[in-house]
$ cat structure-v1.cif   # mmCIF, C-alpha atoms
data_data
loop_
_atom_site.label_atom_id
_atom_site.label_comp_id
_atom_site.auth_asym_id
_atom_site.auth_seq_id
_atom_site.Cartn_x
_atom_site.Cartn_y
_atom_site.Cartn_z
CA MET A 201 16.53 -73.86 -103.25
CA SER A 202 18.27 -73.76 -99.89
CA PRO A 203 16.68 -75.39 -96.85
CA LYS A 204 16.07 -71.96 -95.31
CA ASP A 205 14.20 -70.81 -98.41
CA LEU A 206 12.18 -73.96 -98.40
CA ASP A 207 11.22 -73.44 -94.76
CA LYS A 208 10.32 -69.83 -95.46
CA LEU A 209 8.24 -70.77 -98.47
CA PHE A 210 6.11 -73.08 -96.39
CA ARG A 211 6.04 -70.81 -93.38
CA ASP A 212 4.79 -67.83 -95.34
CA ALA A 213 2.15 -69.85 -97.11
CA LEU A 214 0.87 -72.08 -94.36
CA SER A 215 1.91 -70.87 -90.91
CA GLU A 216 -1.14 -68.68 -90.45
CA GLY A 217 -4.49 -69.37 -91.96
CA GLN A 218 -8.06 -70.34 -91.41
CA ALA A 219 -10.01 -73.46 -92.20
CA ALA A 220 -13.73 -73.69 -91.78
CA PRO A 221 -14.74 -76.50 -89.45
CA HIS A 222 -17.78 -78.64 -90.09
CA PRO A 223 -20.94 -77.12 -88.66
CA GLU A 224 -21.50 -80.11 -86.39
CA ALA A 225 -18.16 -79.58 -84.65
CA TRP A 226 -19.64 -76.85 -82.47
CA ALA A 227 -22.09 -79.31 -80.94
CA ARG A 228 -19.19 -81.43 -79.76
CA VAL A 229 -17.47 -78.43 -78.21
CA ALA A 230 -20.71 -77.24 -76.64
CA ALA A 231 -21.28 -80.64 -75.06
CA ASN A 232 -18.14 -80.18 -72.97
CA LEU A 233 -18.51 -76.54 -72.06
CA PRO A 234 -17.81 -75.77 -68.43
CA LYS A 235 -20.80 -75.05 -66.23
CA ALA A 236 -21.90 -71.44 -66.13
CA GLN A 237 -20.29 -69.51 -63.34
CA HIS A 238 -22.61 -67.19 -61.55
CA LYS A 239 -20.05 -66.32 -58.96
CA ARG A 240 -19.31 -62.64 -58.97
CA ARG A 241 -16.08 -61.25 -57.81
CA THR A 242 -16.39 -60.44 -54.15
CA LEU A 243 -15.58 -56.94 -53.12
CA TRP A 244 -13.77 -57.57 -49.89
CA TRP A 245 -13.10 -54.13 -48.60
CA PRO A 246 -16.64 -52.98 -47.84
CA TYR A 247 -16.89 -56.01 -45.57
CA ALA A 248 -13.60 -55.19 -43.93
CA ALA A 249 -14.61 -51.58 -43.46
CA ALA A 250 -18.04 -52.44 -42.15
CA ALA A 251 -16.66 -55.11 -39.84
CA SER A 252 -14.01 -52.84 -38.44
CA VAL A 253 -16.40 -49.95 -37.95
CA ALA A 254 -18.81 -52.28 -36.20
CA MET A 255 -16.06 -53.80 -34.10
CA ALA A 256 -14.75 -50.38 -33.22
CA VAL A 257 -18.19 -49.25 -32.14
CA VAL A 258 -18.77 -52.38 -30.10
CA GLY A 259 -15.29 -52.30 -28.66
CA THR A 260 -15.44 -48.68 -27.57
CA TRP A 261 -18.84 -49.17 -26.17
CA TRP A 262 -17.70 -52.14 -24.13
CA MET A 263 -14.69 -50.25 -22.91
CA LEU A 264 -16.86 -47.38 -21.83
CA ALA A 265 -19.50 -49.59 -20.30
CA SER A 266 -17.08 -51.66 -18.27
CA ARG A 267 -15.45 -48.60 -16.78
CA PRO A 268 -18.24 -46.17 -16.00
CA GLU A 269 -15.98 -44.10 -13.78
CA ALA A 270 -13.49 -43.72 -16.61
CA ALA A 271 -16.12 -42.57 -19.10
CA PRO A 272 -16.09 -38.81 -18.95
CA SER A 273 -19.07 -36.56 -19.50
CA PRO A 274 -19.04 -35.13 -23.05
CA GLN A 275 -18.33 -31.53 -22.07
CA LEU A 276 -15.55 -32.50 -19.72
CA ALA A 277 -13.91 -34.68 -22.35
CA THR A 278 -13.81 -32.01 -25.03
CA SER A 279 -12.46 -29.42 -22.68
CA ASN A 280 -9.73 -31.84 -21.63
CA GLN A 281 -8.92 -32.90 -25.12
CA GLN A 282 -8.84 -29.49 -26.70
CA PRO A 283 -5.70 -27.99 -25.16
CA ALA A 284 -3.81 -31.25 -25.64
CA THR A 285 -4.43 -31.45 -29.37
CA SER A 286 -3.99 -27.75 -29.98
CA SER A 287 -0.64 -27.78 -28.20
CA GLN A 288 0.51 -30.75 -30.29
CA LEU A 289 -0.62 -29.34 -33.58
CA PRO A 290 -1.19 -25.63 -33.31
CA THR A 291 -1.59 -24.92 -37.03
CA ALA A 292 -2.94 -28.13 -38.44
CA SER A 293 -6.63 -27.29 -38.48
CA ASN A 294 -6.32 -24.09 -40.52
CA GLN A 295 -3.93 -25.22 -43.19
CA GLN A 296 -5.65 -28.29 -44.49
CA PRO A 297 -7.60 -28.24 -47.73
CA VAL A 298 -11.27 -28.69 -47.04
CA THR A 299 -12.55 -32.03 -48.15
CA SER A 300 -15.67 -33.37 -46.60
CA ASN A 301 -13.80 -35.84 -44.46
CA GLN A 302 -11.14 -33.49 -43.28
CA GLN A 303 -13.66 -30.83 -42.60
CA LEU A 304 -15.39 -33.25 -40.35
CA ALA A 305 -12.14 -34.09 -38.66
CA ALA A 306 -11.14 -30.46 -38.34
CA SER A 307 -14.44 -29.61 -36.76
CA TYR A 308 -13.63 -31.93 -33.89
CA ARG A 309 -10.57 -29.88 -33.08
CA GLN A 310 -12.25 -26.53 -32.81
CA PRO A 311 -14.17 -25.76 -29.67
CA ALA A 312 -16.95 -23.79 -31.39
CA THR A 313 -17.86 -26.52 -33.82
CA SER A 314 -17.27 -29.35 -31.43
CA ASN A 315 -20.22 -28.09 -29.43
CA GLN A 316 -22.33 -28.28 -32.55
CA GLN A 317 -21.07 -31.75 -33.14
CA LEU A 318 -22.03 -32.69 -29.64
CA ALA A 319 -25.45 -31.23 -30.18
CA ALA A 320 -25.81 -33.24 -33.34
CA SER A 321 -24.58 -36.43 -31.79
CA SER A 322 -26.68 -36.03 -28.69
CA HIS A 323 -29.73 -37.16 -30.61
CA GLY A 324 -27.74 -40.21 -31.51
CA SER A 325 -27.07 -40.19 -35.25
CA ALA A 326 -24.02 -39.71 -37.39
CA ALA A 327 -23.14 -40.62 -40.94
CA PHE A 328 -20.08 -42.67 -41.74
CA GLU A 329 -19.23 -42.50 -45.39
CA LEU A 330 -17.57 -45.78 -46.17
CA ALA A 331 -16.68 -44.65 -49.66
CA TYR A 332 -14.43 -42.04 -48.16
CA LEU A 333 -12.67 -44.63 -46.11
CA PRO A 334 -9.59 -45.25 -48.22
CA ARG A 335 -8.25 -48.72 -48.52
CA MET A 336 -5.21 -48.01 -46.39
CA GLU A 337 -7.40 -46.83 -43.62
CA ALA A 338 -9.57 -49.90 -43.96
CA ASP A 339 -6.45 -52.02 -43.58
CA GLU A 340 -5.44 -50.12 -40.48
CA TRP A 341 -8.88 -50.53 -39.00
CA GLU A 342 -8.76 -54.18 -39.84
CA GLU A 343 -5.59 -54.62 -37.85
CA LEU A 344 -7.47 -53.42 -34.82
CA VAL A 345 -10.09 -56.11 -35.20
CA PRO A 346 -8.28 -58.96 -33.38
CA LEU A 347 -7.51 -56.67 -30.46
CA LEU A 348 -11.07 -55.46 -30.22
CA LYS A 349 -12.34 -58.98 -30.57
CA ARG A 350 -10.24 -60.05 -27.62
CA GLU A 351 -11.61 -57.19 -25.59
CA VAL A 352 -15.13 -58.02 -26.55
CA ARG A 353 -14.63 -61.64 -25.62
CA ALA A 354 -13.23 -60.64 -22.26
CA GLU A 355 -16.23 -58.43 -21.69
CA VAL A 356 -18.69 -61.11 -22.69
CA GLU A 357 -17.11 -63.49 -20.24
CA ASN A 358 -17.38 -60.88 -17.49
CA PRO A 359 -20.38 -58.80 -18.43
CA ALA A 360 -20.72 -55.44 -16.87
CA PRO A 361 -23.96 -55.44 -14.94
CA GLU A 362 -24.60 -51.71 -15.21
CA VAL A 363 -25.10 -51.58 -19.00
CA PRO A 364 -28.77 -51.01 -19.69
CA ARG A 365 -30.45 -53.50 -21.95
CA ARG A 366 -31.88 -50.81 -24.20
CA ARG A 367 -28.38 -49.79 -25.23
CA TYR A 368 -27.54 -53.33 -26.28
CA ALA A 369 -30.50 -53.33 -28.63
CA GLN A 370 -29.53 -49.95 -30.01
CA LEU A 371 -26.01 -51.13 -30.63
CA ALA A 372 -27.19 -54.31 -32.28
CA SER A 373 -29.41 -52.33 -34.64
CA SER A 374 -26.47 -50.11 -35.57
CA VAL A 375 -24.42 -53.14 -36.55
CA GLN A 376 -27.43 -54.50 -38.40
CA ASN A 377 -27.66 -51.24 -40.36
CA VAL A 378 -24.05 -51.51 -41.43
CA TRP A 379 -24.56 -55.03 -42.70
CA ALA A 380 -27.76 -54.12 -44.49
CA ALA A 381 -26.07 -51.19 -46.19
CA VAL A 382 -23.14 -53.31 -47.28
CA SER A 383 -25.31 -56.06 -48.72
CA GLU A 384 -27.40 -53.49 -50.56
CA TYR A 385 -24.23 -52.02 -51.92
CA ARG A 386 -23.10 -55.42 -53.12
CA GLU A 387 -26.37 -56.23 -54.82
CA ALA A 388 -26.52 -52.91 -56.59
CA GLU A 389 -22.93 -53.41 -57.75
CA VAL A 390 -22.33 -49.68 -57.77
CA PRO A 391 -18.67 -49.17 -57.04
CA ALA A 392 -18.98 -45.42 -56.59
CA GLU A 393 -20.23 -44.60 -53.15
CA VAL A 394 -22.11 -45.95 -50.19
CA THR A 395 -23.36 -44.08 -47.18
CA VAL A 396 -23.95 -45.96 -44.00
CA GLU A 397 -25.88 -44.41 -41.21
CA VAL A 398 -24.89 -45.67 -37.83
CA HIS A 399 -26.86 -44.70 -34.80
CA VAL A 400 -24.64 -44.78 -31.79
CA PRO A 401 -24.95 -43.38 -28.31
CA ALA A 402 -23.47 -39.91 -28.00
CA VAL A 403 -20.83 -41.07 -25.55
CA VAL A 404 -19.61 -43.76 -27.88
CA LEU A 405 -19.54 -41.38 -30.81
CA GLN A 406 -17.52 -38.93 -28.82
CA ARG A 407 -15.08 -41.63 -27.89
CA ILE A 408 -14.74 -42.60 -31.54
CA ASN A 409 -14.09 -39.00 -32.48
CA GLN A 410 -11.46 -38.75 -29.79
CA THR A 411 -9.78 -41.88 -31.05
CA ARG A 412 -9.93 -40.59 -34.57
CA THR A 413 -8.39 -37.25 -33.64
CA LEU A 414 -5.74 -39.07 -31.68
CA ALA A 415 -5.00 -41.30 -34.65
CA GLU A 416 -4.74 -38.32 -36.97
CA ASN A 417 -2.42 -36.56 -34.57
CA LEU A 418 -0.29 -39.67 -34.39
CA THR A 419 -0.20 -39.94 -38.16
CA GLU A 420 0.82 -36.36 -38.56
CA SER A 421 3.51 -36.54 -35.93
CA TRP A 422 4.76 -39.71 -37.58
CA LYS A 423 4.89 -37.87 -40.90
CA THR A 424 6.79 -35.01 -39.27
CA VAL A 425 9.24 -37.40 -37.66
CA SER A 426 9.82 -39.38 -40.83
CA SER A 427 10.23 -36.26 -42.97
CA ARG A 428 12.78 -34.95 -40.48
CA ARG A 429 14.55 -38.28 -40.54
CA SER A 430 14.70 -38.25 -44.34
CA HIS A 431 16.33 -34.79 -44.42
CA MET B 870 -8.39 -54.95 -80.79
CA GLU B 871 -9.99 -57.86 -82.53
CA ALA B 872 -13.72 -58.37 -82.77
CA TRP B 873 -13.78 -61.51 -80.64
CA TYR B 874 -12.35 -59.71 -77.59
CA ALA B 875 -15.87 -58.51 -76.90
CA HIS B 876 -17.12 -62.05 -76.35
CA ILE B 877 -14.59 -63.04 -73.71
CA HIS B 878 -16.55 -61.57 -70.84
CA GLY B 879 -19.80 -63.21 -71.87
CA ALA B 880 -18.04 -66.53 -72.39
CA LEU B 881 -16.60 -66.30 -68.89
CA LEU B 882 -20.07 -65.70 -67.50
CA GLY B 883 -21.19 -68.87 -69.28
CA ARG B 884 -23.38 -67.25 -71.91
CA LEU B 885 -23.81 -69.71 -74.75
CA ASP B 886 -24.10 -67.08 -77.50
CA ALA B 887 -20.81 -65.49 -76.48
CA GLN B 888 -19.11 -68.89 -76.29
CA ARG B 889 -20.45 -69.70 -79.72
CA ALA B 890 -19.20 -66.39 -81.13
CA LEU B 891 -15.76 -66.97 -79.60
CA TYR B 892 -15.67 -70.43 -81.10
CA GLU B 893 -16.69 -69.12 -84.53
CA ALA B 894 -13.89 -66.58 -84.39
CA LEU B 895 -11.08 -68.81 -83.16
CA ALA B 896 -11.85 -72.33 -84.32
CA PRO B 897 -10.84 -71.76 -87.98
CA ARG B 898 -7.31 -70.76 -86.97
CA VAL B 899 -7.00 -73.74 -84.66
CA LEU B 900 -8.31 -76.09 -87.30
CA HIS B 901 -5.80 -74.74 -89.79
CA THR B 902 -2.97 -75.47 -87.36
CA CYS B 903 -4.27 -78.97 -86.68
CA LYS B 904 -4.77 -79.78 -90.34
CA ARG B 905 -1.08 -79.29 -90.93
CA TYR B 906 -0.35 -82.27 -88.70
CA PHE B 907 -2.80 -84.82 -90.02
CA ALA B 908 -3.40 -86.25 -93.45
CA ASP B 909 -6.93 -87.07 -92.41
CA GLU B 910 -9.21 -84.09 -91.92
CA ALA B 911 -11.31 -85.84 -89.27
CA ASP B 912 -8.24 -86.24 -87.06
CA ALA B 913 -7.52 -82.53 -87.39
CA GLU B 914 -11.08 -81.69 -86.43
CA ASP B 915 -10.90 -83.94 -83.37
CA ALA B 916 -7.76 -82.17 -82.24
CA MET B 917 -9.41 -78.80 -82.86
CA ILE B 918 -12.42 -79.78 -80.76
CA ARG B 919 -10.21 -80.92 -77.90
CA THR B 920 -8.25 -77.68 -78.10
CA MET B 921 -11.37 -75.52 -78.02
CA THR B 922 -12.78 -77.52 -75.12
CA THR B 923 -9.55 -77.01 -73.21
CA MET B 924 -9.68 -73.31 -74.03
CA PHE B 925 -13.17 -72.90 -72.60
CA GLN B 926 -12.15 -74.72 -69.47
CA GLN B 927 -8.97 -72.71 -69.05
CA LEU B 928 -10.50 -69.38 -70.01
CA PRO B 929 -10.85 -68.09 -66.43
CA THR B 930 -7.14 -68.62 -65.84
CA ILE B 931 -6.02 -66.75 -68.94
CA ARG B 932 -4.98 -63.29 -67.88
CA GLU B 933 -3.99 -61.62 -71.12
CA VAL B 934 -6.56 -61.74 -73.89
CA LYS B 935 -3.96 -60.72 -76.45
CA ALA B 936 -1.97 -63.84 -75.66
CA LEU B 937 -4.92 -66.12 -76.39
CA PRO B 938 -4.14 -66.83 -80.08
CA ALA B 939 -0.58 -67.83 -79.25
CA TRP B 940 -1.81 -69.93 -76.35
CA LEU B 941 -4.33 -71.61 -78.62
CA ARG B 942 -1.72 -72.40 -81.21
CA ARG B 943 0.61 -73.93 -78.63
CA THR B 944 -2.22 -75.96 -77.15
CA ALA B 945 -3.35 -77.11 -80.59
CA VAL B 946 0.16 -78.28 -81.44
CA ASN B 947 0.38 -80.14 -78.14
CA GLU B 948 -2.98 -81.80 -78.76
CA CYS B 949 -1.82 -82.94 -82.20
CA LEU B 950 1.44 -84.28 -80.84
CA MET B 951 -0.38 -86.12 -78.08
CA GLU B 952 -2.59 -87.80 -80.66
CA LEU B 953 0.40 -88.66 -82.84
CA ARG B 954 2.23 -90.10 -79.84
CA ARG B 955 -0.82 -92.08 -78.88
CA ARG B 956 -0.78 -93.67 -82.31
CA LYS B 957 2.90 -94.39 -81.84
CA ALA B 958 3.88 -92.63 -85.03
CA GLU B 959 7.03 -94.21 -86.29
CA TRP B 960 10.06 -92.00 -86.48
CA VAL B 961 11.80 -94.00 -89.13
CA ASP B 962 13.23 -93.14 -92.48
CA VAL B 963 10.74 -93.53 -95.21
CA ALA B 964 13.24 -93.42 -98.01
CA ASP B 965 11.20 -95.67 -100.23
CA PHE B 966 7.92 -93.94 -99.57
CA PRO B 967 5.83 -94.61 -102.67
CA GLU B 968 5.51 -91.80 -105.13
CA THR B 969 1.91 -90.77 -105.11
CA GLY B 970 2.15 -89.06 -108.44
CA ALA B 971 0.66 -85.92 -107.01
CA SER B 972 3.76 -83.86 -107.68
CA ALA B 973 2.55 -82.55 -110.99
CA THR B 974 0.73 -79.72 -109.34
CA ASP B 975 1.89 -76.84 -111.51
CA ALA B 976 -1.66 -75.96 -112.38
CA LEU B 977 -2.58 -75.28 -108.75
CA HIS B 978 -2.07 -72.10 -106.84
CA ASP B 979 1.12 -71.92 -104.80
CA ARG B 980 -0.62 -72.14 -101.50
CA GLU B 981 -2.83 -75.04 -102.45
CA ALA B 982 0.12 -76.87 -103.91
CA LEU B 983 2.26 -76.42 -100.84
CA TRP B 984 -0.67 -77.41 -98.70
CA SER B 985 -1.18 -80.67 -100.55
CA LEU B 986 2.55 -81.40 -100.52
CA LEU B 987 2.71 -80.91 -96.78
CA ARG B 988 -0.20 -83.25 -96.27
CA GLN B 989 1.34 -85.88 -98.49
CA LEU B 990 4.50 -85.91 -96.41
CA PRO B 991 4.99 -89.09 -94.39
CA GLU B 992 3.73 -88.53 -90.86
CA GLY B 993 7.10 -88.42 -89.08
CA TYR B 994 8.59 -86.02 -91.61
CA ARG B 995 5.54 -83.84 -91.53
CA THR B 996 5.53 -83.54 -87.78
CA VAL B 997 9.17 -82.57 -87.51
CA PHE B 998 8.99 -80.21 -90.48
CA ASN B 999 5.89 -78.54 -89.03
CA LEU B 1000 7.45 -78.08 -85.65
CA TYR B 1001 10.78 -76.80 -86.94
CA ALA B 1002 9.88 -74.73 -89.98
CA LEU B 1003 6.38 -73.53 -89.17
CA GLU B 1004 6.24 -73.35 -85.38
CA GLY B 1005 9.88 -72.41 -84.88
CA TYR B 1006 10.73 -75.11 -82.34
CA SER B 1007 14.38 -76.02 -81.84
CA HIS B 1008 15.67 -79.54 -82.36
CA ALA B 1009 16.07 -79.91 -78.61
CA GLU B 1010 12.42 -78.99 -78.04
CA ILE B 1011 11.24 -81.27 -80.80
CA ALA B 1012 13.28 -84.16 -79.40
CA GLN B 1013 11.78 -83.59 -75.98
CA GLN B 1014 8.22 -83.24 -77.27
CA LEU B 1015 8.34 -86.34 -79.42
CA GLY B 1016 10.52 -88.48 -77.20
CA ILE B 1017 13.18 -88.95 -79.86
CA SER B 1018 16.84 -88.00 -79.99
CA GLU B 1019 18.02 -84.71 -81.41
CA ALA B 1020 19.89 -86.58 -84.13
CA THR B 1021 16.67 -88.27 -85.21
CA SER B 1022 14.94 -84.92 -85.29
CA LYS B 1023 17.67 -83.47 -87.50
CA SER B 1024 17.71 -86.37 -89.89
CA GLN B 1025 13.91 -86.39 -90.14
CA LEU B 1026 13.97 -82.70 -90.96
CA SER B 1027 16.59 -83.01 -93.66
CA ARG B 1028 14.77 -85.94 -95.22
CA ALA B 1029 11.53 -84.02 -95.14
CA ARG B 1030 13.24 -81.15 -96.92
CA GLN B 1031 14.69 -83.50 -99.53
CA TRP B 1032 11.29 -85.04 -100.04
CA LEU B 1033 9.71 -81.66 -100.56
CA GLN B 1034 12.53 -80.36 -102.75
CA ARG B 1035 12.19 -83.30 -105.10
CA ARG B 1036 8.53 -82.58 -105.63
CA LEU B 1037 8.93 -78.86 -105.84
CA VAL B 1038 11.10 -79.22 -108.91
CA ASN B 1039 8.01 -79.51 -111.05
CA PHE B 1040 6.63 -76.29 -109.70
CA SER B 1041 6.49 -73.19 -111.80
CA LEU B 1042 7.34 -71.11 -108.76
CA GLN B 1043 10.78 -72.66 -108.58
#

$ encode --input "structure-v1.cif" --output "structure tokens"
Amino acid sequence: MSPKDLDKLFRDALSEGQAAPHPEAWARVAANLPKAQHKRRTLWWPYAAAASVAMAVVGTWWMLASRPEAAPSPQLATSNQQPATSSQLPTASNQQPVTSNQQLAASYRQPATSNQQLAASSHGSAAFELAYLPRMEADEWEELVPLLKREVRAEVENPAPEVPRRRYAQLASSVQNVWAAVSEYREAEVPAEVTVEVHVPAVVLQRINQTRTLAENLTESWKTVSSRRSH
Amino acid sequence: MEAWYAHIHGALLGRLDAQRALYEALAPRVLHTCKRYFADEADAEDAMIRTMTTMFQQLPTIREVKALPAWLRRTAVNECLMELRRRKAEWVDVADFPETGASATDALHDREALWSLLRQLPEGYRTVFNLYALEGYSHAEIAQQLGISEATSKSQLSRARQWLQRRLVNFSLQ
């Protein structure tokens, strides 16, 4: 029998197999088991999204509050904004497939519906659906956070005297709502969807919508530029 | 998909029943591996218990469940070698190892016979033979693991083979 055959003989017979341990062996393993871990995996992005939405709200509000002369009246702002966006993207609003988010976005561009939107936002409520906020967008929002933070800090150091106290409270409750919704979401551990209702002053909401439209326009022009570049 | 996959999650959460089930499923394989390295069954069981303890501690870091059996086997072998090193097993030639008279095993089943032969092997021979023939280590790896030279590893292996050959002559399976 050659050495190779000998090795193979033993390998085939004994390499794999099972041997029943003594029943008391388990007790010795169990004595050294690691402590139970109750830590759940943290879902980071709802926090990021909530934080950035809150920061954006606070930041825009501060910007508006510190420059009252720069804050336009709602009607004036939409009438100014409308020709600018329509000249940049004349066909964008009609060609897009209608998802709930894009529909919302598209409605900001059209004068007829933007009045409705204003009417809706004038009683101070709007729904942000965090579940629709894709991760990329959350990342982008998150990048804004340091900037906004700096602005907020600057504003806290030099508070604008003309901001009414009632608005502060309103704003604080909005942020509180976001946090409450996120913690509920975490406890329920439902990964599907969460709807956060944020009550913001109409002016702030309008400013957010403007920023959003602007961001979308920028994204689309970037896409156009990069597609041209790639051809 | 093996049945014990289902208990991994529970074991990670620290549920005792799942940990128990995982142990019941995997410990026999580990014990089998360990028993190949020790003549004394209690030593093998100690090594198995240390291996399983390590597994439960390392479980959160193990990414691929499918790789767990291979990981366990490697860990078990390392545990056995550590114990053997601790005892300062002697890597010397045991040319005049006393005949135990257990070679007349033709009445036993093949597997049982081979099993008993392997366990009768002198410790140094058995370790090298196990590592080379059954685990598939190279001489370089064995030398590194055991802290011996490659030449020693080779000579131990060939002597182990001779030792086994001599006793296999009596076997009907020859």

$ interface_residues --input "structure-v1.cif" --of "chain B" --to "chain A" --cutoff "6 Å" --atoms "all atoms listed in the file" --output "list in words"
Leu882, Gly883, Pro897, Arg898, Leu900, His901, Ile918, Thr922, Gln926, Arg980, Ala1002 and Leu1003 of chain B

$ atom_distance --input "structure-v1.cif" --atom1 "CA of Gln376 in chain A" --atom2 "CA of Gln410 in chain A"
24.0 Å

$ residues_around --input "structure-v1.cif" --residues "Arg988 in chain B" --least-positions-apart "3" --cutoff "12 Å" --atoms "all atoms listed in the file" --output "PyMOL selection string"
(chain A and resi 210+214) or (chain B and resi 903-910+913+969+971+981-985+991-996+998-999+1029+1033)

$ atom_distance --input "structure-v1.cif" --atom1 "CA of Trp245 in chain A" --atom2 "CA of Glu420 in chain A"
24.7 Å

$ axis_aligned_box --input "structure-v1.cif" --around "range 369-385 of chain A" --padding-each-side "5 Å" --output "JSON"
{"center_x": -26.8, "center_y": -53.0, "center_z": -40.3, "size_x": 17.4, "size_y": 16.1, "size_z": 33.3}

$ atom_distance --input "structure-v1.cif" --atom1 "CA of Gln1034 in chain B" --atom2 "CA of Thr902 in chain B"
22.4 Å

$ resolve_selection --input "structure-v1.cif" --expression "the PyMOL selection byres ((chain B and resi 871) around 12)" --output "list in words"
Met870, Ala872, Trp873, Tyr874, Ala875, His876, Ile877, Leu891, Ala894, Leu895, Val934, Lys935, Leu937 and Pro938 of chain B

$ resolve_selection --input "structure-v1.cif" --expression "the PyMOL selection byres ((chain A and resi 379) around 10)" --output "PyMOL selection string"
chain A and resi 246-247+250-251+254+373-378+380-385+396
